[in-house]
>>> print(open('target.txt').read())   # compact mmCIF, C-alpha atoms
# COMPACT_ATOMS: atom_id res chain seq x y z
CA MET A 1078 -128.35 -11.11 -0.72
CA LEU A 1079 -125.60 -13.41 -2.00
CA LEU A 1080 -123.06 -12.67 0.71
CA GLN A 1081 -123.49 -16.02 2.48
CA TYR A 1082 -122.87 -17.87 -0.78
CA LEU A 1083 -119.87 -15.97 -2.16
CA THR A 1084 -117.29 -18.61 -1.16
CA GLU A 1085 -119.27 -21.42 -2.78
CA LEU A 1086 -120.10 -19.28 -5.81
CA SER A 1087 -116.40 -18.52 -6.30
CA LYS A 1088 -115.93 -22.22 -7.17
CA LYS A 1089 -118.50 -21.96 -9.97
CA ILE A 1090 -117.78 -20.85 -13.52
CA ILE A 1091 -119.74 -17.63 -13.96
CA VAL A 1092 -119.49 -15.91 -17.34
CA LEU A 1093 -120.50 -12.31 -18.12
CA ALA A 1094 -121.53 -12.09 -21.78
CA SER A 1095 -120.83 -8.35 -21.94
CA GLY A 1096 -117.72 -6.25 -22.51
CA SER A 1097 -119.20 -3.26 -20.61
CA PRO A 1098 -116.68 -2.01 -18.02
CA ARG A 1099 -119.60 -0.76 -15.92
CA ARG A 1100 -121.25 -4.19 -15.71
CA LYS A 1101 -117.87 -5.70 -14.85
CA GLU A 1102 -117.44 -3.11 -12.08
CA ILE A 1103 -120.92 -3.75 -10.65
CA LEU A 1104 -120.50 -7.55 -10.55
CA THR A 1105 -117.04 -7.15 -9.01
CA ASN A 1106 -118.48 -4.86 -6.31
CA LEU A 1107 -120.96 -7.61 -5.46
CA GLY A 1108 -118.02 -9.84 -4.60
CA LEU A 1109 -118.53 -12.24 -7.53
CA VAL A 1110 -115.68 -13.97 -9.36
CA PHE A 1111 -116.40 -14.30 -13.09
CA GLN A 1112 -114.99 -14.44 -16.59
CA VAL A 1113 -115.84 -11.98 -19.35
CA VAL A 1114 -116.79 -13.37 -22.77
CA PRO A 1115 -118.45 -10.53 -24.71
CA SER A 1116 -121.29 -11.45 -27.04
CA THR A 1117 -120.92 -10.49 -30.71
CA PHE A 1118 -124.66 -10.11 -31.28
CA PRO A 1119 -125.13 -6.90 -33.36
CA GLU A 1120 -128.33 -5.87 -31.47
CA ASN A 1121 -130.23 -5.43 -34.71
CA LEU A 1122 -133.73 -6.49 -33.61
CA ASP A 1123 -136.66 -4.54 -35.02
CA LYS A 1124 -137.57 -2.30 -32.05
CA SER A 1125 -141.09 -1.74 -33.36
CA ARG A 1126 -141.94 -5.38 -32.57
CA PHE A 1127 -141.25 -5.06 -28.84
CA THR A 1128 -142.12 -3.12 -25.73
CA PRO A 1129 -138.95 -1.73 -24.08
CA GLU A 1130 -139.09 -4.51 -21.44
CA GLN A 1131 -139.42 -7.20 -24.12
CA TYR A 1132 -136.67 -5.59 -26.20
CA VAL A 1133 -134.00 -5.55 -23.45
CA ILE A 1134 -134.95 -9.04 -22.28
CA GLU A 1135 -134.73 -10.38 -25.82
CA ASN A 1136 -131.34 -8.75 -26.39
CA SER A 1137 -130.03 -10.06 -23.06
CA ARG A 1138 -131.31 -13.57 -23.82
CA ILE A 1139 -129.77 -13.69 -27.29
CA LYS A 1140 -126.42 -12.41 -25.95
CA ALA A 1141 -126.30 -14.94 -23.12
CA GLU A 1142 -127.43 -17.87 -25.30
CA GLU A 1143 -124.93 -16.95 -28.02
CA VAL A 1144 -122.04 -17.03 -25.54
CA ALA A 1145 -123.35 -20.20 -23.84
CA THR A 1146 -123.60 -21.93 -27.24
CA SER A 1147 -120.10 -20.89 -28.31
CA LEU A 1148 -118.65 -22.10 -24.99
CA LYS A 1149 -120.46 -25.43 -25.41
CA HIS A 1150 -119.18 -25.83 -28.97
CA ALA A 1151 -115.65 -25.09 -27.75
CA GLY A 1152 -116.03 -27.83 -25.14
CA GLN A 1153 -115.82 -25.34 -22.25
CA THR A 1154 -118.05 -25.95 -19.26
CA PHE A 1155 -119.85 -23.19 -17.36
CA ASP A 1156 -122.32 -22.89 -14.52
CA VAL A 1157 -124.09 -19.67 -15.51
CA VAL A 1158 -123.82 -17.16 -18.35
CA ILE A 1159 -125.12 -13.65 -17.67
CA GLY A 1160 -126.43 -11.50 -20.52
CA ALA A 1161 -127.63 -7.90 -20.12
CA ASP A 1162 -128.95 -5.01 -22.16
CA SER A 1163 -130.03 -1.46 -21.24
CA VAL A 1164 -131.91 1.27 -23.10
CA VAL A 1165 -133.23 4.73 -22.31
CA VAL A 1166 -136.87 5.42 -23.19
CA LEU A 1167 -138.42 8.83 -23.82
CA ASP A 1168 -141.91 9.39 -25.26
CA GLY A 1169 -142.03 5.72 -26.16
CA ASP A 1170 -138.83 5.95 -28.23
CA ILE A 1171 -135.97 3.60 -27.41
CA LEU A 1172 -132.66 5.50 -27.26
CA GLU A 1173 -129.49 3.45 -27.55
CA LYS A 1174 -125.90 4.63 -27.99
CA PRO A 1175 -125.63 7.79 -30.15
CA SER A 1176 -124.16 7.25 -33.60
CA SER A 1177 -122.42 10.67 -33.75
CA GLU A 1178 -121.82 13.86 -31.77
CA GLN A 1179 -124.84 15.47 -33.45
CA HIS A 1180 -126.96 12.46 -32.50
CA ALA A 1181 -125.75 12.79 -28.88
CA PHE A 1182 -126.61 16.53 -28.96
CA ASP A 1183 -130.12 15.78 -30.24
CA MET A 1184 -130.69 13.09 -27.59
CA LEU A 1185 -129.49 15.29 -24.71
CA THR A 1186 -131.63 18.20 -25.99
CA ARG A 1187 -134.67 15.91 -25.86
CA LEU A 1188 -133.78 14.64 -22.37
CA SER A 1189 -133.23 18.18 -20.95
CA GLY A 1190 -135.52 19.11 -18.06
CA ARG A 1191 -137.55 15.90 -18.27
CA SER A 1192 -137.75 12.39 -16.85
CA ASN A 1193 -136.60 9.43 -18.90
CA VAL A 1194 -136.90 5.74 -18.07
CA VAL A 1195 -134.04 3.24 -18.12
CA PHE A 1196 -134.89 -0.41 -18.76
CA SER A 1197 -132.35 -3.17 -18.28
CA GLY A 1198 -132.94 -6.78 -19.20
CA VAL A 1199 -130.90 -9.62 -17.73
CA SER A 1200 -130.83 -13.28 -18.71
CA LEU A 1201 -129.19 -16.09 -16.76
CA VAL A 1202 -128.38 -19.20 -18.80
CA LEU A 1203 -127.66 -22.44 -16.94
CA PRO A 1204 -126.66 -25.68 -18.70
CA ASN A 1205 -129.06 -28.62 -18.59
CA PRO A 1206 -127.66 -32.16 -18.42
CA ASP A 1207 -129.60 -32.98 -21.63
CA GLY A 1208 -127.37 -30.51 -23.49
CA GLY A 1209 -129.92 -27.70 -23.59
CA PHE A 1210 -130.15 -24.54 -21.56
CA CYS A 1211 -132.33 -23.27 -18.74
CA VAL A 1212 -132.96 -19.54 -19.19
CA THR A 1213 -134.25 -17.09 -16.57
CA SER A 1214 -134.94 -13.52 -17.72
CA PHE A 1215 -136.19 -10.38 -16.03
CA SER A 1216 -136.25 -6.62 -16.53
CA GLU A 1217 -135.95 -3.61 -14.23
CA ARG A 1218 -137.25 -0.04 -14.64
CA THR A 1219 -135.77 3.17 -13.19
CA GLU A 1220 -136.96 6.74 -13.73
CA VAL A 1221 -134.28 9.43 -14.14
CA GLU A 1222 -135.07 13.15 -13.76
CA PHE A 1223 -132.83 15.57 -15.69
CA ALA A 1224 -132.25 19.22 -14.84
CA PRO A 1225 -132.62 21.65 -17.77
CA LEU A 1226 -129.47 21.58 -19.93
CA THR A 1227 -128.25 24.59 -21.94
CA PRO A 1228 -126.72 24.03 -25.41
CA ASP A 1229 -123.37 25.22 -23.95
CA LEU A 1230 -123.51 22.56 -21.26
CA ILE A 1231 -124.51 19.85 -23.75
CA ASN A 1232 -121.61 20.80 -26.03
CA ALA A 1233 -119.17 20.84 -23.10
CA TYR A 1234 -120.45 17.40 -22.08
CA ILE A 1235 -120.07 15.97 -25.59
CA ALA A 1236 -116.51 17.38 -25.74
CA THR A 1237 -115.62 15.12 -22.78
CA ARG A 1238 -116.58 12.06 -24.97
CA GLU A 1239 -118.45 10.55 -22.00
CA PRO A 1240 -121.87 10.40 -23.72
CA LEU A 1241 -120.70 8.76 -26.94
CA ASP A 1242 -120.69 5.13 -25.76
CA LYS A 1243 -123.70 5.35 -23.44
CA ALA A 1244 -127.34 4.46 -24.09
CA GLY A 1245 -129.29 7.74 -24.13
CA ALA A 1246 -125.99 9.67 -24.43
CA TYR A 1247 -125.38 10.05 -20.69
CA GLY A 1248 -123.50 8.33 -17.91
CA ILE A 1249 -125.10 8.76 -14.49
CA GLN A 1250 -121.93 7.62 -12.70
CA GLY A 1251 -119.58 10.17 -14.26
CA LEU A 1252 -119.83 13.80 -15.33
CA GLY A 1253 -123.51 13.20 -16.12
CA SER A 1254 -124.17 12.90 -12.37
CA SER A 1255 -124.10 16.71 -12.18
CA PHE A 1256 -127.33 17.17 -14.12
CA VAL A 1257 -129.38 14.26 -12.77
CA ARG A 1258 -131.73 15.68 -10.13
CA GLY A 1259 -132.74 12.30 -8.83
CA ILE A 1260 -134.00 8.83 -9.70
CA LYS A 1261 -136.81 6.49 -8.69
CA GLY A 1262 -135.66 2.89 -8.54
CA CYS A 1263 -132.38 1.02 -8.75
CA TYR A 1264 -129.36 3.24 -9.42
CA PHE A 1265 -127.24 0.38 -10.77
CA ASN A 1266 -129.95 -0.35 -13.31
CA VAL A 1267 -129.20 3.09 -14.80
CA MET A 1268 -125.50 2.20 -14.88
CA GLY A 1269 -126.43 -0.92 -16.86
CA PHE A 1270 -127.04 -3.76 -14.40
CA PRO A 1271 -129.87 -4.05 -11.81
CA THR A 1272 -127.97 -5.28 -8.77
CA HIS A 1273 -130.74 -6.15 -6.32
CA ALA A 1274 -133.00 -7.81 -8.90
CA PHE A 1275 -130.05 -9.86 -10.18
CA CYS A 1276 -129.15 -11.03 -6.66
CA THR A 1277 -132.77 -11.99 -5.98
CA GLN A 1278 -132.97 -14.03 -9.18
CA LEU A 1279 -129.60 -15.72 -8.65
CA LEU A 1280 -130.66 -16.55 -5.10
CA ALA A 1281 -133.75 -18.31 -6.48
CA LEU A 1282 -131.47 -20.40 -8.73
CA MET A 1283 -129.20 -21.39 -5.83
CA PRO A 1284 -130.75 -24.88 -5.37
CA ARG A 1285 -129.66 -25.65 -8.96
CA LEU A 1286 -126.28 -23.91 -8.72
CA LEU A 1287 -125.34 -25.18 -5.26
CA PRO A 1288 -127.31 -28.40 -4.61
CA PRO A 1289 -127.12 -29.41 -0.91
CA SER A 1290 -125.55 -32.86 -1.46
CA ALA A 1291 -127.48 -34.92 -4.00
CA PRO A 1292 -127.37 -33.80 -7.65
CA ALA A 1293 -129.82 -31.06 -8.54
CA ASN A 1294 -133.13 -31.84 -10.16
CA THR A 1295 -132.06 -32.21 -13.76
CA ASN A 1296 -135.45 -32.23 -15.43
CA GLY A 1297 -135.10 -29.02 -17.41
CA CYS A 1298 -135.46 -25.68 -15.61
CA MET B 852 -123.70 21.82 -14.66
CA LEU B 853 -120.11 22.97 -14.03
CA LEU B 854 -118.59 21.46 -17.17
CA GLN B 855 -118.16 24.80 -18.95
CA TYR B 856 -116.29 26.21 -15.95
CA LEU B 857 -113.94 23.31 -15.13
CA THR B 858 -110.85 24.90 -16.72
CA GLU B 859 -111.33 28.16 -14.85
CA LEU B 860 -112.25 26.36 -11.63
CA SER B 861 -109.04 24.30 -11.86
CA LYS B 862 -107.12 27.57 -11.24
CA LYS B 863 -109.00 28.14 -7.98
CA ILE B 864 -108.04 26.71 -4.60
CA ILE B 865 -110.88 24.38 -3.66
CA VAL B 866 -110.59 22.57 -0.34
CA LEU B 867 -112.63 19.54 0.76
CA ALA B 868 -112.92 19.56 4.57
CA SER B 869 -113.57 15.81 4.71
CA GLY B 870 -111.37 12.73 4.74
CA SER B 871 -114.15 10.54 3.29
CA PRO B 872 -112.81 8.56 0.30
CA ARG B 873 -116.34 8.49 -1.13
CA ARG B 874 -116.67 12.31 -1.14
CA LYS B 875 -113.22 12.55 -2.71
CA GLU B 876 -114.29 10.07 -5.41
CA ILE B 877 -117.53 11.96 -6.15
CA LEU B 878 -115.83 15.36 -6.46
CA THR B 879 -113.10 13.82 -8.65
CA ASN B 880 -115.78 12.29 -10.92
CA LEU B 881 -117.25 15.77 -11.36
CA GLY B 882 -113.92 16.86 -12.87
CA LEU B 883 -112.96 19.17 -9.98
CA VAL B 884 -109.38 19.70 -8.83
CA PHE B 885 -109.19 20.13 -5.06
CA GLN B 886 -107.14 19.63 -1.92
CA VAL B 887 -108.25 17.54 1.05
CA VAL B 888 -107.92 19.05 4.54
CA PRO B 889 -110.08 16.92 6.87
CA SER B 890 -111.89 18.69 9.69
CA THR B 891 -111.14 17.55 13.24
CA PHE B 892 -114.59 18.48 14.56
CA PRO B 893 -115.73 15.58 16.81
CA GLU B 894 -119.39 15.81 15.64
CA ASN B 895 -120.63 15.97 19.20
CA LEU B 896 -123.67 18.24 18.79
CA ASP B 897 -126.77 17.41 20.83
CA LYS B 898 -128.99 15.72 18.19
CA SER B 899 -132.15 16.41 20.18
CA ARG B 900 -131.78 20.15 19.46
CA PHE B 901 -132.01 19.74 15.68
CA THR B 902 -134.12 18.35 12.86
CA PRO B 903 -132.06 15.98 10.68
CA GLU B 904 -131.70 18.72 8.02
CA GLN B 905 -130.52 21.26 10.60
CA TYR B 906 -128.17 18.70 12.14
CA VAL B 907 -126.29 17.81 8.92
CA ILE B 908 -126.17 21.45 7.83
CA GLU B 909 -124.79 22.51 11.22
CA ASN B 910 -122.14 19.75 11.14
CA SER B 911 -121.14 20.64 7.58
CA ARG B 912 -120.92 24.35 8.45
CA ILE B 913 -118.77 23.77 11.54
CA LYS B 914 -116.44 21.44 9.60
CA ALA B 915 -115.99 23.88 6.71
CA GLU B 916 -115.56 26.93 8.96
CA GLU B 917 -113.06 25.09 11.16
CA VAL B 918 -110.87 24.22 8.16
CA ALA B 919 -111.28 27.71 6.64
CA THR B 920 -110.23 29.29 9.95
CA SER B 921 -107.19 27.04 10.34
CA LEU B 922 -106.09 27.79 6.77
CA LYS B 923 -106.49 31.52 7.41
CA HIS B 924 -104.46 31.32 10.64
CA ALA B 925 -101.74 29.41 8.76
CA GLY B 926 -101.65 32.21 6.17
CA GLN B 927 -102.91 29.90 3.41
CA THR B 928 -105.32 31.37 0.89
CA PHE B 929 -108.32 29.50 -0.53
CA ASP B 930 -111.27 30.21 -2.79
CA VAL B 931 -113.82 27.79 -1.35
CA VAL B 932 -113.89 25.24 1.46
CA ILE B 933 -116.48 22.45 1.19
CA GLY B 934 -117.86 20.80 4.34
CA ALA B 935 -120.30 17.88 4.31
CA ASP B 936 -122.13 15.56 6.68
CA SER B 937 -124.56 12.66 6.13
CA VAL B 938 -126.87 10.73 8.41
CA VAL B 939 -129.47 7.98 8.04
CA VAL B 940 -132.86 8.59 9.66
CA LEU B 941 -135.36 5.92 10.72
CA ASP B 942 -138.47 6.58 12.84
CA GLY B 943 -137.08 10.04 13.61
CA ASP B 944 -133.82 8.61 15.01
CA ILE B 945 -130.55 9.82 13.54
CA LEU B 946 -128.24 6.87 12.80
CA GLU B 947 -124.56 7.66 12.39
CA LYS B 948 -121.60 5.26 12.15
CA PRO B 949 -122.05 2.14 14.32
CA SER B 950 -119.83 1.99 17.39
CA SER B 951 -119.40 -1.83 17.30
CA GLU B 952 -120.39 -4.95 15.36
CA GLN B 953 -123.38 -5.45 17.67
CA HIS B 954 -124.44 -1.84 17.06
CA ALA B 955 -124.19 -2.45 13.28
CA PHE B 956 -126.28 -5.63 13.66
CA ASP B 957 -128.96 -3.74 15.59
CA MET B 958 -129.06 -0.93 13.01
CA LEU B 959 -129.32 -3.31 10.04
CA THR B 960 -132.05 -5.31 11.81
CA ARG B 961 -134.03 -2.09 12.22
CA LEU B 962 -133.46 -1.09 8.56
CA SER B 963 -134.49 -4.54 7.20
CA GLY B 964 -137.50 -4.49 4.86
CA ARG B 965 -138.17 -0.78 5.36
CA SER B 966 -137.40 2.62 3.88
CA ASN B 967 -134.89 4.91 5.55
CA VAL B 968 -134.02 8.48 4.66
CA VAL B 969 -130.52 9.81 4.05
CA PHE B 970 -129.87 13.49 4.70
CA SER B 971 -126.66 15.19 3.63
CA GLY B 972 -125.74 18.74 4.51
CA VAL B 973 -123.17 20.72 2.56
CA SER B 974 -121.60 24.09 3.37
CA LEU B 975 -119.52 26.19 1.02
CA VAL B 976 -117.26 28.74 2.74
CA LEU B 977 -115.83 31.58 0.65
CA PRO B 978 -113.42 34.18 2.05
CA ASN B 979 -114.58 37.78 2.31
CA PRO B 980 -112.10 40.60 1.72
CA ASP B 981 -112.93 41.95 5.22
CA GLY B 982 -111.38 38.79 6.70
CA GLY B 983 -114.69 37.07 7.41
CA PHE B 984 -116.43 34.25 5.58
CA CYS B 985 -119.42 33.96 3.30
CA VAL B 986 -121.22 30.67 4.03
CA THR B 987 -123.80 28.95 1.81
CA SER B 988 -125.48 25.81 3.20
CA PHE B 989 -128.08 23.38 1.92
CA SER B 990 -129.36 19.86 2.55
CA GLU B 991 -130.61 17.04 0.36
CA ARG B 992 -132.97 14.14 1.15
CA THR B 993 -133.05 10.66 -0.44
CA GLU B 994 -135.30 7.74 0.45
CA VAL B 995 -133.72 4.26 0.42
CA GLU B 996 -135.83 1.07 0.35
CA PHE B 997 -134.27 -2.05 1.88
CA ALA B 998 -135.20 -5.64 1.06
CA PRO B 999 -135.82 -7.89 4.09
CA LEU B 1000 -132.48 -9.02 5.59
CA THR B 1001 -132.04 -12.33 7.41
CA PRO B 1002 -129.75 -12.48 10.49
CA ASP B 1003 -127.39 -14.73 8.44
CA LEU B 1004 -127.13 -12.09 5.73
CA ILE B 1005 -126.57 -9.30 8.27
CA ASN B 1006 -123.79 -11.30 9.96
CA ALA B 1007 -122.18 -12.09 6.60
CA TYR B 1008 -122.33 -8.38 5.73
CA ILE B 1009 -120.77 -7.30 9.03
CA ALA B 1010 -117.99 -9.90 8.52
CA THR B 1011 -116.98 -7.98 5.37
CA ARG B 1012 -116.34 -4.88 7.58
CA GLU B 1013 -118.10 -2.69 5.00
CA PRO B 1014 -120.82 -1.40 7.36
CA LEU B 1015 -118.53 -0.41 10.22
CA ASP B 1016 -117.45 3.03 8.94
CA LYS B 1017 -120.77 3.98 7.29
CA ALA B 1018 -123.64 6.09 8.60
CA GLY B 1019 -126.57 3.70 9.16
CA ALA B 1020 -124.18 0.71 8.85
CA TYR B 1021 -124.52 0.29 5.09
CA GLY B 1022 -122.73 1.33 1.93
CA ILE B 1023 -125.03 1.62 -1.09
CA GLN B 1024 -122.08 1.63 -3.51
CA GLY B 1025 -120.54 -1.66 -2.37
CA LEU B 1026 -121.84 -5.00 -1.14
CA GLY B 1027 -124.82 -3.16 0.35
CA SER B 1028 -126.07 -2.51 -3.19
CA SER B 1029 -127.40 -6.08 -3.26
CA PHE B 1030 -130.12 -5.44 -0.70
CA VAL B 1031 -131.23 -1.94 -1.71
CA ARG B 1032 -134.40 -2.35 -3.78
CA GLY B 1033 -134.39 1.23 -4.96
CA ILE B 1034 -134.13 4.87 -4.00
CA LYS B 1035 -136.08 8.09 -4.51
CA GLY B 1036 -133.79 11.06 -5.02
CA CYS B 1037 -130.07 11.63 -5.54
CA TYR B 1038 -127.96 8.46 -5.39
CA PHE B 1039 -124.75 10.34 -4.61
CA ASN B 1040 -126.47 11.89 -1.62
CA VAL B 1041 -126.70 8.35 -0.17
CA MET B 1042 -122.99 7.87 -0.88
CA GLY B 1043 -122.34 11.03 1.13
CA PHE B 1044 -122.38 14.00 -1.25
CA PRO B 1045 -125.37 15.36 -3.24
CA THR B 1046 -123.80 15.95 -6.65
CA HIS B 1047 -126.51 17.83 -8.53
CA ALA B 1048 -127.49 20.08 -5.62
CA PHE B 1049 -123.81 20.92 -5.03
CA CYS B 1050 -123.27 21.82 -8.69
CA THR B 1051 -126.37 24.03 -8.68
CA GLN B 1052 -125.19 25.89 -5.58
CA LEU B 1053 -121.63 26.30 -6.83
CA LEU B 1054 -123.01 27.58 -10.13
CA ALA B 1055 -124.94 30.26 -8.23
CA LEU B 1056 -121.67 31.32 -6.57
CA MET B 1057 -119.81 31.54 -9.88
CA PRO B 1058 -120.09 35.36 -10.17
CA ARG B 1059 -118.13 35.57 -6.91
CA LEU B 1060 -115.67 32.78 -7.74
CA LEU B 1061 -115.05 33.74 -11.36
CA PRO B 1062 -115.85 37.47 -11.72
CA PRO B 1063 -116.06 38.49 -15.42
CA SER B 1064 -113.30 41.13 -15.34
CA ALA B 1065 -113.81 43.66 -12.55
CA PRO B 1066 -113.36 42.47 -8.94
CA ALA B 1067 -116.39 40.74 -7.47
CA ASN B 1068 -118.82 42.58 -5.26
CA THR B 1069 -117.03 42.46 -1.94
CA ASN B 1070 -119.84 43.55 0.33
CA GLY B 1071 -120.23 40.37 2.32
CA CYS B 1072 -122.10 37.40 0.79
>>> encode(input="target.txt", output="structure tokens")
Amino acid sequence: MLLQYLTELSKKIIVLASGSPRRKEILTNLGLVFQVVPSTFPENLDKSRFTPEQYVIENSRIKAEEVATSLKHAGQTFDVVIGADSVVVLDGDILEKPSSEQHAFDMLTRLSGRSNVVFSGVSLVLPNPDGGFCVTSFSERTEVEFAPLTPDLINAYIATREPLDKAGAYGIQGLGSSFVRGIKGCYFNVMGFPTHAFCTQLLALMPRLLPPSAPANTNGC
Amino acid sequence: MLLQYLTELSKKIIVLASGSPRRKEILTNLGLVFQVVPSTFPENLDKSRFTPEQYVIENSRIKAEEVATSLKHAGQTFDVVIGADSVVVLDGDILEKPSSEQHAFDMLTRLSGRSNVVFSGVSLVLPNPDGGFCVTSFSERTEVEFAPLTPDLINAYIATREPLDKAGAYGIQGLGSSFVRGIKGCYFNVMGFPTHAFCTQLLALMPRLLPPSAPANTNGC
């Protein structure tokens, strides 16, 4: 969706507020040129206060605003900061990265033979001339169907270390691809960044990012 | 699904009868060790004689058997040869790789704002002690929903050259990811190789590939 604008976008300062190698890979595959400034937000919100959609949006917003604020304080300009967060949801429970091998085993045992839902939230922070920010946030939902997993398979998977840094203890793009029967929705959302939804939202912001000739409307968002 | 068997499988001679870099990438991500011996079959079957499932299975079978036969004639042993074929189907028409930029433009114009279906066929050829082959074939189906594409976007996409060597004139894993709203089914099937279905089928062949101690049952398949 952004292909016609890639040359002009390459002149803009786009910042990804995430250290995730998968998000970096996805944005690179889209043809975008960007810097990586990982957020240091500890993701310690009280999950019970949010729906999964609200939770990932809130995390993505805090991450992007934190990086935008630190850039501003350092006197560094930017055109857009991108924050993102992803979780796996099963039976209403939000599953993030496992804290140990046993935790990963328990998560994968719960996910075995069932469908889970991956929610990603993305926030795009643009600077306002008044010194504030204009924030656009959205979320995306993808259903992931697992084949039944035996304890032997789960242990063999944990031994590869792949699940230990992934929300829900699996990576759909790696060895985990062998036990995912199928998905409903955006594949890249499961990897951690909803490609099509992001492009659609960035496209809607194009009049602000790439004003035709006169300066963009600067009255807030 | 194969994780517990990867060490033993690494001692087997597995041959991929396809030069596709995407299939090579998918099999590598599964942890398999294999050789690549591309088939030279010109894929010139009369499409009107087959359903899409039959067509991709037949192509995959011919490719795998051709490579297995040439290895046998060259006196080279193998444990399994993997053949694969993928097509995109819209309104009952089988779309393969575009023959020109105009052909790619026409295909993408047809796919715009609609759902297409990707079929992949895979054949696994194992040698029989009697000198013949044991062939297992299957197909997988994934639905892919496109966002509406403007002529400007289609032209910008063709200018990247990405669509020109892809069935249906799009690559879901690259720049094409920006205009795919979502899928129903196996993502890797759209990339050209149905990961989970392949693992399930190879698992079923494990008693032949990795017999416990005594020689495998050698009476045909």
>>> closest_atom_pairs(input="target.txt", of="chain B", to="chain A", cutoff="8 Å", atoms="all atoms listed in the file", output="CSV")
residue,atom,partner,partner_atom,distance
B:Met852,CA,A:Ser1255,CA,5.7
B:Leu853,CA,A:Ser1255,CA,7.7
B:Leu854,CA,A:Ala1233,CA,6.0
B:Gln855,CA,A:Ala1233,CA,5.8
B:Asn880,CA,A:Gly1251,CA,5.5
B:Leu881,CA,A:Leu1252,CA,5.1
B:Gly882,CA,A:Leu1252,CA,7.1
B:Leu1000,CA,A:Met1078,CA,7.8
B:Asp1003,CA,A:Gln1081,CA,7.2
B:Leu1004,CA,A:Gln1081,CA,6.3
B:Ala1007,CA,A:Gln1081,CA,5.8
B:Tyr1008,CA,A:Leu1080,CA,6.6
B:Gln1024,CA,A:Asn1106,CA,7.9
B:Gly1025,CA,A:Asn1106,CA,5.5
B:Leu1026,CA,A:Leu1107,CA,5.1
B:Ser1028,CA,A:Thr1272,CA,6.5
B:Ser1029,CA,A:His1273,CA,4.5
B:Phe1030,CA,A:His1273,CA,5.7
B:Val1031,CA,A:His1273,CA,6.3
B:Arg1032,CA,A:His1273,CA,5.9
B:Gly1033,CA,A:Gly1262,CA,4.1
B:Ile1034,CA,A:Gly1262,CA,5.2
B:Lys1035,CA,A:Lys1261,CA,4.5
B:Gly1036,CA,A:Gly1259,CA,4.1
B:Cys1037,CA,A:Gly1259,CA,4.3
B:Tyr1038,CA,A:Tyr1264,CA,6.7
B:Thr1046,CA,A:Ser1255,CA,5.6
B:His1047,CA,A:Ser1255,CA,4.5
B:Ala1048,CA,A:Arg1258,CA,7.6
B:Cys1050,CA,A:Ser1255,CA,6.2
>>> atom_distance(input="target.txt", atom1="atom CA of Pro1058 of chain B", atom2="atom CA of Gln886 of chain B")
22.0 Å
>>> residues_around(input="target.txt", residues="His954 of chain B", least_positions_apart="4", cutoff="10 Å", atoms="all atoms listed in the file", output="list in words")
Lys948, Pro949, Ser950, Met958, Leu959, Thr960, Leu1015, Gly1019 and Ala1020 of chain B
>>> closest_residue(input="target.txt", among="B:Val932, B:Leu867, B:Val888, B:Leu1061", to="Cys985 of chain B", atoms="only C-alpha atoms")
B:Val932
>>> closest_residue(input="target.txt", among="A:Ile1139, A:Leu1167, A:Ala1094, A:Val1133", to="Gly1198 of chain A", atoms="all atoms listed in the file")
A:Val1133
>>> closest_residue(input="target.txt", among="A:Pro1129, A:Asn1205, A:Leu1109, A:Pro1228", to="Ala1145 of chain A", atoms="only C-alpha atoms")
A:Asn1205
>>> closest_residue(input="target.txt", among="A:Lys1101, A:Arg1285, A:His1150, A:Arg1191", to="Asp1168 of chain A", atoms="only C-alpha atoms")
A:Arg1191
>>> atom_distance(input="target.txt", atom1="atom CA of Val884 of chain B", atom2="atom CA of Ala1055 of chain B")
18.8 Å
>>> residues_near_point(input="target.txt", point="(-109.9, 31.1, -7.2)", cutoff="6 Å", atoms="all atoms listed in the file", output="JSON, numbers by chain")
{"B": [863, 864, 930]}
>>> atom_distance(input="target.txt", atom1="atom CA of Thr858 of chain B", atom2="atom CA of Ala915 of chain B")
24.0 Å
>>> residues_near_point(input="target.txt", point="(-138.1, -9.4, -24.3)", cutoff="12 Å", atoms="only C-alpha atoms", output="PyMOL selection string")
chain A and resi 1122-1124+1126-1139+1161-1163+1196-1200+1213-1217
>>> axis_aligned_box(input="target.txt", around="segment 1265-1273 of chain A", padding_each_side="8 Å", output="JSON")
{"center_x": -128.1, "center_y": -1.5, "center_z": -11.6, "size_x": 21.2, "size_y": 25.2, "size_z": 26.5}
>>> closest_residue(input="target.txt", among="A:Ser1147, A:Ser1116, A:Ser1095, A:Asn1193", to="Gly1169 of chain A", atoms="all atoms listed in the file")
A:Asn1193
